[in-house]
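> I'd like to ask you about the structure that follows.
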Amino acid sequence: MLSREEALRIFVDAGALLSGHFVLTSGRHSDHYMQCAQVLKHPPHTEVLVRHLADEFRDDGIEIVVAPAIGGIIVSYEVGRQLRVPAIFAERENGLMILRRGFELHPNQRVLVVEDVITTGGSVREVMQLVEERGAEVAGVGVLVDRSNGAVRFGVKQGQVLSMEIRSWDPVDCPVCKEGRIPLVKPGSRF
């Protein structure tokens, strides 16, 4: 089993934990950003980190893995590969998460929803709703990094590789904005 310290070391060594002034996918601001793409570009790191997630759900009868694009695509693929089940992703079209590219979910299918990073869990909730609208069952949620340090709950079994509290603020309350010294950066995939 991968320890928290080992996981954090992989993220830090890959240059994934950034400091500055960021707009998160949720629209909130933060002085830190977890750029999982810097870790996921290294297949050996991805395999090690995702093994932790796959092991969490190995005995749960998962039939398919679904992630929100873009951040969750590689995570979905690798979890699916390790669990030996199909892996697909949902995309945003006109502001809504949809399945495209011939991807399908079937009634009663046991689905694992995965994501690279959560702060508020908004994208994961959208994918969960998509799964449920198709009559499939969300059997669990797995994330590489839970920025809420466990505060965000989805009402199903949850697993994460790394849980940490990274502060974030509504834009009007952002102390970094108030200081005005560090430019705001939008590194996420939604903007």
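Letters A, B, ... go to the chains of the structure tokens in the order shown; residues in each chain start at 1; ligands are counted from 1 in the same order.
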Please identify the strand (DSSP E or B) residues within chain A (assignment by DSSP from backbone atoms) and present them as an MDAnalysis selection string.

chainID A and resid 17:23 29:34 64:68 87:93 96:98 110:118 137:146 148 158:163 165 169 185

> Write the residues you've just listed into a file as a PDB file, in the first residue's frame, and include C-alpha atoms for each of them.


```pdb
ATOM      1  CA  LEU A  17       2.280  21.027  -6.517  1.00  0.00           C
ATOM      2  CA  LEU A  18       2.444  24.676  -7.609  1.00  0.00           C
ATOM      3  CA  SER A  19       2.442  27.922  -5.596  1.00  0.00           C
ATOM      4  CA  GLY A  20       1.074  31.228  -6.887  1.00  0.00           C
ATOM      5  CA  HIS A  21      -2.410  32.643  -7.572  1.00  0.00           C
ATOM      6  CA  PHE A  22      -4.818  30.313  -9.323  1.00  0.00           C
ATOM      7  CA  VAL A  23      -8.431  30.071 -10.488  1.00  0.00           C
ATOM      8  CA  HIS A  29      -9.118  31.040  -5.985  1.00  0.00           C
ATOM      9  CA  SER A  30      -6.148  29.407  -4.279  1.00  0.00           C
ATOM     10  CA  ASP A  31      -2.495  30.066  -3.553  1.00  0.00           C
ATOM     11  CA  HIS A  32      -1.663  26.447  -4.443  1.00  0.00           C
ATOM     12  CA  TYR A  33      -2.574  24.284  -7.422  1.00  0.00           C
ATOM     13  CA  MET A  34      -2.195  20.551  -7.963  1.00  0.00           C
ATOM     14  CA  ILE A  64     -16.827   0.264 -16.091  1.00  0.00           C
ATOM     15  CA  VAL A  65     -14.844   3.361 -15.091  1.00  0.00           C
ATOM     16  CA  VAL A  66     -16.022   6.875 -16.034  1.00  0.00           C
ATOM     17  CA  ALA A  67     -14.259  10.215 -15.583  1.00  0.00           C
ATOM     18  CA  PRO A  68     -14.881  13.832 -16.468  1.00  0.00           C
ATOM     19  CA  ALA A  87     -12.780   3.042 -19.242  1.00  0.00           C
ATOM     20  CA  ILE A  88     -14.657   5.990 -20.740  1.00  0.00           C
ATOM     21  CA  PHE A  89     -15.016   9.721 -20.137  1.00  0.00           C
ATOM     22  CA  ALA A  90     -17.736  12.351 -20.166  1.00  0.00           C
ATOM     23  CA  GLU A  91     -17.253  15.676 -21.923  1.00  0.00           C
ATOM     24  CA  ARG A  92     -18.767  19.072 -21.399  1.00  0.00           C
ATOM     25  CA  GLU A  93     -20.973  20.285 -24.249  1.00  0.00           C
ATOM     26  CA  LEU A  96     -23.429  19.910 -19.578  1.00  0.00           C
ATOM     27  CA  MET A  97     -21.582  16.622 -19.090  1.00  0.00           C
ATOM     28  CA  ILE A  98     -22.481  14.168 -21.844  1.00  0.00           C
ATOM     29  CA  ARG A 110     -21.670  -0.870 -11.605  1.00  0.00           C
ATOM     30  CA  VAL A 111     -19.688   2.288 -12.315  1.00  0.00           C
ATOM     31  CA  LEU A 112     -16.600   3.722 -10.655  1.00  0.00           C
ATOM     32  CA  VAL A 113     -16.324   7.493 -11.183  1.00  0.00           C
ATOM     33  CA  VAL A 114     -12.739   8.764 -11.034  1.00  0.00           C
ATOM     34  CA  GLU A 115     -11.077  12.176 -11.191  1.00  0.00           C
ATOM     35  CA  ASP A 116      -7.600  13.601 -10.884  1.00  0.00           C
ATOM     36  CA  VAL A 117      -8.326  16.372  -8.326  1.00  0.00           C
ATOM     37  CA  ILE A 118     -11.403  17.469  -6.403  1.00  0.00           C
ATOM     38  CA  GLU A 137     -25.187   2.488 -10.363  1.00  0.00           C
ATOM     39  CA  VAL A 138     -22.386   4.632  -8.968  1.00  0.00           C
ATOM     40  CA  ALA A 139     -20.499   2.032  -6.920  1.00  0.00           C
ATOM     41  CA  GLY A 140     -17.801   4.452  -5.813  1.00  0.00           C
ATOM     42  CA  VAL A 141     -15.715   7.545  -6.435  1.00  0.00           C
ATOM     43  CA  GLY A 142     -11.921   7.496  -6.609  1.00  0.00           C
ATOM     44  CA  VAL A 143      -9.626  10.520  -6.880  1.00  0.00           C
ATOM     45  CA  LEU A 144      -5.902  11.031  -6.996  1.00  0.00           C
ATOM     46  CA  VAL A 145      -5.989  14.210  -4.884  1.00  0.00           C
ATOM     47  CA  ASP A 146      -8.753  15.326  -2.541  1.00  0.00           C
ATOM     48  CA  SER A 148     -10.911  19.199   0.563  1.00  0.00           C
ATOM     49  CA  GLN A 158     -14.807   6.944  -1.679  1.00  0.00           C
ATOM     50  CA  GLY A 159     -11.097   6.409  -2.150  1.00  0.00           C
ATOM     51  CA  GLN A 160      -8.223   8.785  -2.700  1.00  0.00           C
ATOM     52  CA  VAL A 161      -4.498   8.532  -3.110  1.00  0.00           C
ATOM     53  CA  LEU A 162      -3.738  11.816  -1.373  1.00  0.00           C
ATOM     54  CA  SER A 163      -5.964  13.917   0.861  1.00  0.00           C
ATOM     55  CA  GLU A 165      -6.229  20.707   2.720  1.00  0.00           C
ATOM     56  CA  TRP A 169     -11.576  31.226  -1.435  1.00  0.00           C
ATOM     57  CA  VAL A 185      -3.507  32.137 -13.564  1.00  0.00           C
TER      58      VAL A 185
END
```

> Interatomic distance between CA of Ser123 (chain A) and CA of Val50 (chain A)?

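Between CA of Ser123 (chain A) and CA of Val50 (chain A) the gap is 19.2 Å.
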
> Which residues of region 71-166 of chain A come within 10 Å of region 39-42 of chain A, and what is each one's closest atom pair and distance in Å (one decimal), counting only C-alpha atoms, sorted by chain and residue number, as JSON lines?


```
{"residue": "A:Gly71", "atom": "CA", "partner": "A:Leu40", "partner_atom": "CA", "distance": 9.4}
{"residue": "A:Ile74", "atom": "CA", "partner": "A:Leu40", "partner_atom": "CA", "distance": 7.1}
{"residue": "A:Val75", "atom": "CA", "partner": "A:Leu40", "partner_atom": "CA", "distance": 8.0}
{"residue": "A:Asp116", "atom": "CA", "partner": "A:Leu40", "partner_atom": "CA", "distance": 9.2}
```

> Just write the chosen residues, N, CA and C atoms, as a short mmCIF file (atom, residue, chain, number, x, y, z; two decimals), in the first residue's frame.


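This went into result33.cif:
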```
data_model
loop_
_atom_site.label_atom_id
_atom_site.label_comp_id
_atom_site.auth_asym_id
_atom_site.auth_seq_id
_atom_site.Cartn_x
_atom_site.Cartn_y
_atom_site.Cartn_z
N GLY A 71 -9.07 16.15 -17.13
CA GLY A 71 -8.17 15.68 -16.08
C GLY A 71 -8.33 14.22 -15.72
N ILE A 74 -6.86 10.11 -18.17
CA ILE A 74 -5.75 9.18 -17.96
C ILE A 74 -6.01 8.33 -16.72
N VAL A 75 -6.56 8.94 -15.68
CA VAL A 75 -6.88 8.20 -14.46
C VAL A 75 -7.89 7.10 -14.78
N ASP A 116 -8.96 13.34 -11.33
CA ASP A 116 -7.60 13.60 -10.88
C ASP A 116 -7.59 14.38 -9.58
#
```

> Per DSSP on the backbone, filter region 8-170 of chain A down to the residues in alpha helix (DSSP H) and report them as JSON, numbers by chain.

{"A": [8, 9, 10, 11, 12, 13, 37, 38, 39, 40, 43, 44, 45, 46, 47, 48, 49, 50, 51, 52, 53, 54, 55, 56, 57, 73, 74, 75, 76, 77, 78, 79, 80, 81, 82, 83, 122, 123, 124, 125, 126, 127, 128, 129, 130, 131, 132, 133]}

> I need the residue nearest Glu6 (chain A) from this list: A:Leu49, A:Ala37, A:Val79, A:Pro43. Use only C-alpha atoms for the distance.

A:Leu49

> CA of Leu105 (chain A) and CA of Gly135 (chain A), how far apart in Å?

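Result for CA of Gly135 (chain A) versus CA of Leu105 (chain A): 8.1 Å, one decimal.
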
> When you count only C-alpha atoms, which of these residues is closest to Ala54 (chain A): A:Ala16, A:Ile70, A:Val131, A:Leu83?

A:Leu83

> CA of Ala7 (chain A) and CA of Met164 (chain A) are how many Å apart?

11.5 Å
